[in-house]
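Trainee: Please see the structure below; I have some questions.
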Amino acid sequence: MRRSSAPSQLNKRRAPFFSPPYKNPAPASKRQCAILPLTDEPLNEGNQKRSSSELLTLIKTPTVADKENEPQNTSLKRINKVECTREIINNKFSNTFSSPIPHQSVLRKEDHSDEENVTRYFSVVWCKLSKKKHKNWEGDAVLIVKGRSDMEGKEIGKTSSIKLKDLESLIQNEISSENYLSGKCFQNSIEETPVETTVPLPPKSKPFRLPCAKNSSNQDKLGKIVKPLYNPCDVNAFILPKPPAHHQWSCNVESLPVVDVVVDPQIAHHLRPHQKAGVIFLYESAMGYRIKDHKGAILADEMGLGKTLQCIALIWTLLKQGPYGGRPVLKRVIIVTPSSLVSNWVRSIDKVERGKFDLILCDEGHRLKNCQIKTTSTLMSLEIKRRIIVTGTPIQNDLQELYSLIEFVNPGILGSSAMFRKVYEEPILKSQQPSATKEEKDIGESRALELNRLACQFTLRRTQEIINKYLPPKTEFVVFCQPSGSQIKLYNAIVGSRGLKKCLTNTEVGDHLSAICVLRKLCNHPALLHSSETKENQSEIRNEIAGLIPNEILPNNYLEEDSGKLAVVSCLLWSLFETKKERIVIVSNFTTTLDMLENLCKRYMVFLLSSKAGGVGLNLIGASRILLFDIDWNPATDLQAMSRVWRDGQTKSVYIYRLILAGSIEEKMFQRQVCKQGISGSVVDARSSVKVQFSLEDLKIAS
């Protein structure tokens, strides 16, 4: 049985709360009554309601006589009220009363257009839409609001909960546009500004005192005087920086005297200014001066700047001395280098007793560009905090390679691989596309600058411009060679073959690598397409192309008139050795191509070099010219080969020739090299990406 209302409550209405106009629009008369208290005139007797014309009469502009009779101290108050009342009445039929933002002031039309262009960013947590009181938040995200957006009658940023279709989000705080564009909001170290919160000022703290201030003398606890290993007062002494206050507080727990760390004078005597700066950078990184709780570094100087000497100076110094009481910082060091160059290191490492290593140094560290390979995972598992990578090419193909190197030296500093790809890699790549919008370019440039700022804390990158004054001049030529008639005919036949068309369609699976390899060999010489393998062991596309080779192209018959590039090399060699008697290095990616060049170069003084072996530290300063017979997809491979000749110790002018067959796949490879160098330059070198990318028109012309 339903309970009825009490007699005292019958025919009794509760006094209504104030209802904003946007929720319950009232009649015109009631709206007019709501603004009457703003005037100084008393209400009509009997509470009679006034019309709009009467209200306008009441709030008309005062005459001169009214102003003279009115007290001076109330004139300003009356004018303000009159102007405010007139504005409300004039806009009583506008959208202001139906606006979902009650506290927002009346806006003009031009103000609305300005708000539509405003973009705001919020840090939120989200979950699936549910009616539960206690939500189970599944993840965090960034909410982007453009224009005058509102959700359920609440202004964005003034409410804590927002419902978006099938999701519900909770606003944590607002993110500034600068932090979003640069990507700082995705880093743990960035402190975002909360929405409408007041933070009390912290109390004043006592001035900081050095923990070793009591022991200002150079005596240890036993009273023994501690001196630097080498004289710091010497004129040419190379003194490394002293530890900062925060490092002394956390590391000098025994309050040992702080002494100068002086590099061995026999090593310091051979260091150039840029190499001394490199030793200081490595020392500060390995000691943990630059970033708290991180002791890794990447020495990414270009080839020929003396990276090995800088690392030897660091290791030798830390094995002999240290800043606290002169005690050595390192006891054991493990060095990882390519096996072809470290046969002498293997004997030394085998003699080292098993124990805890204090530092690991990886020469040619760009080989650790993949976190999933066994070599990288094995080195990552070593419990060594001090990690140094030495490489002249920190980025060879994409930004994930840079992430792998950074993750090795300073684990966790850039977050997970997926977050790095979403926050940095994808926006930077989009900004370098010819069809990128202005917003994508702005975000990409900001993210590249922020990534460069983070990497510069533990990465040192110098170009060969530093040692230009120590080296002879270098001239580089990109030579486009005209293909021969047999190359053009065979190239068109291969492009129109069924095997190559399968690679260009999505419906069938083709052998892409074999097709690319065939076209690259054809650019060198048509006779290279003859294979020594049997038909059973060859791929489908190779068997098809074997039937397209003309009968006049015989195996191992490398005629100059059949290859445009081979004819250019023959003329170049004859010109050089007939006049100047200079030595030249010829580089190729294929051993079969080197075998072909061997027959041509028997009567000349030529050094044939594989590009894979040319990037592991060889010194070929005896030659003054280098010729790249075929280029590689990876620009670092070609740069490594070039640096074998133009490096420290060279006394002659260096000339570099890069041969490209015109109108072939090699032109596309050259374009890819330029794009990859643009990625490396914009992040590692902080160069502008405009100078190192092709426009859409350039790509159409090149194709």
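Ordering of the structure tokens sets the chain letters (A, B, ...); residue numbers start at 1 within each chain; ligands are numbered from 1 in the order shown.
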Would you write out, as a tab-separated table, a table of all residues in range 616-645 of chain A that have an atom no more than 12 Å from an atom of range 303-309 of chain A, listing for each the closest atom pair and the distance in Å to one decimal, considering only C-alpha atoms and ordering rows by chain and rising residue number?
Mentor:
```
residue	atom	partner	partner_atom	distance
A:Val616	CA	A:Met303	CA	10.3
A:Gly617	CA	A:Met303	CA	8.6
A:Leu618	CA	A:Gly304	CA	10.4
A:Asn619	CA	A:Gly304	CA	9.3
A:Leu620	CA	A:Gly304	CA	11.4
A:Ile621	CA	A:Gly304	CA	10.9
A:Ala636	CA	A:Met303	CA	10.4
A:Thr637	CA	A:Met303	CA	11.7
A:Asp638	CA	A:Met303	CA	11.7
A:Leu639	CA	A:Met303	CA	8.3
A:Gln640	CA	A:Met303	CA	6.9
A:Ala641	CA	A:Met303	CA	9.7
A:Met642	CA	A:Met303	CA	9.1
A:Ser643	CA	A:Met303	CA	5.9
A:Arg644	CA	A:Gly304	CA	8.1
A:Val645	CA	A:Gly304	CA	9.3
```
Trainee: Deliver the residues from the most recent selection as a file, using C-alpha atoms, as a compact mmCIF listing (two decimals), in the first residue's frame.
Mentor:
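Contents of part.txt, freshly written:
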```
# COMPACT_ATOMS: atom_id res chain seq x y z
CA VAL A 616 85.42 -1.58 -39.77
CA GLY A 617 88.32 0.77 -39.14
CA LEU A 618 90.76 0.26 -42.03
CA ASN A 619 93.29 3.01 -42.69
CA LEU A 620 94.01 3.53 -46.41
CA ILE A 621 95.57 6.98 -46.40
CA ALA A 636 76.38 4.67 -43.57
CA THR A 637 77.99 1.87 -45.58
CA ASP A 638 79.14 4.31 -48.25
CA LEU A 639 80.23 6.92 -45.68
CA GLN A 640 82.31 4.34 -43.82
CA ALA A 641 84.06 3.35 -47.05
CA MET A 642 84.77 6.99 -47.97
CA SER A 643 86.35 7.69 -44.62
CA ARG A 644 89.01 5.01 -45.16
CA VAL A 645 90.92 7.45 -47.37
```
Trainee: Using only C-alpha atoms, which residues sit within 9 Å of range 360-377 of chain A once same-chain residues fewer than 3 positions away are excluded, as an MDAnalysis selection string?
Mentor: chainID A and resid 298 308 311 333:338 357 380:381 384:396 400:405 407:408 615:617
Trainee: Could you state the separation of CA of Gln432 in chain A and CA of Trp633 in chain A in Å, given to one decimal place?
Mentor: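 Those two atoms sit 18.5 Å apart.
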Trainee: As an exercise, work out the distance from CA of Leu661 in chain A to CA of Pro635 in chain A in Å and give it to one decimal place.
Mentor: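 Between these atoms lies a distance of 17.2 Å.
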Trainee: Check the smallest atom-to-atom distance from each of A:Leu399, A:Lys602, A:Glu552, A:Asp632 to Lys422 in chain A using only C-alpha atoms, then report the winner.
Mentor: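 The closest residue to Lys422 in chain A is A:Leu399.
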Trainee: So that I can see what lies close to Glu178 in chain A, please list as a PyMOL selection string the residues with an atom at most 12 Å from it, counting only C-alpha atoms and leaving out residues fewer than 4 positions away in the same chain.
Mentor: chain A and resi 119-121+174+182-185+190+192+442-443+446-447+450
Trainee: If you take only C-alpha atoms and a cut-off of 7 Å, which residues of range 646-669 of chain A touch range 466-490 of chain A, and what are their nearest atom pairs and distances in Å to one decimal, in chain and number order, as CSV?
Mentor:
```
residue,atom,partner,partner_atom,distance
A:Asp648,CA,A:Leu471,CA,6.7
A:Gln650,CA,A:Leu471,CA,6.5
A:Thr651,CA,A:Pro472,CA,6.1
A:Lys652,CA,A:Pro472,CA,6.0
A:Ser653,CA,A:Pro472,CA,5.2
A:Val654,CA,A:Lys474,CA,4.8
A:Tyr655,CA,A:Thr475,CA,4.9
A:Ile656,CA,A:Glu476,CA,4.6
A:Tyr657,CA,A:Phe477,CA,4.9
A:Arg658,CA,A:Val478,CA,4.8
A:Leu659,CA,A:Val479,CA,4.9
A:Ile660,CA,A:Phe480,CA,4.9
A:Leu661,CA,A:Cys481,CA,4.9
A:Ala662,CA,A:Phe480,CA,5.4
```
Trainee: From the list A:Leu318, A:Leu256, A:Leu559, A:Arg625, which residue is nearest Phe577 in chain A when using only C-alpha atoms?
Mentor: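 Smallest separation from Phe577 in chain A among the options: A:Arg625.
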Trainee: Within 8 Å of Lys430 in chain A, counting only C-alpha atoms, which residues qualify if same-chain residues fewer than 5 places away don't, as a tab-separated table (two decimals) with C-alpha atoms, in the first residue's frame?
Mentor:
```
chain	number	residue	atom	x	y	z
A	436	ALA	CA	52.80	16.65	-44.89
A	440	GLU	CA	52.36	17.62	-39.00
A	441	LYS	CA	55.52	19.55	-39.91
A	444	GLY	CA	57.58	16.65	-36.28
```
Trainee: When DSSP is applied to the backbone of this structure, which of range 360-565 of chain A are assigned alpha helix (DSSP H)? Write them out as number ranges by chain.
Mentor: A: 374-380, 399-409, 417-420, 426-431, 438-455, 485-495, 498-503, 512-524, 540-546, 564-565
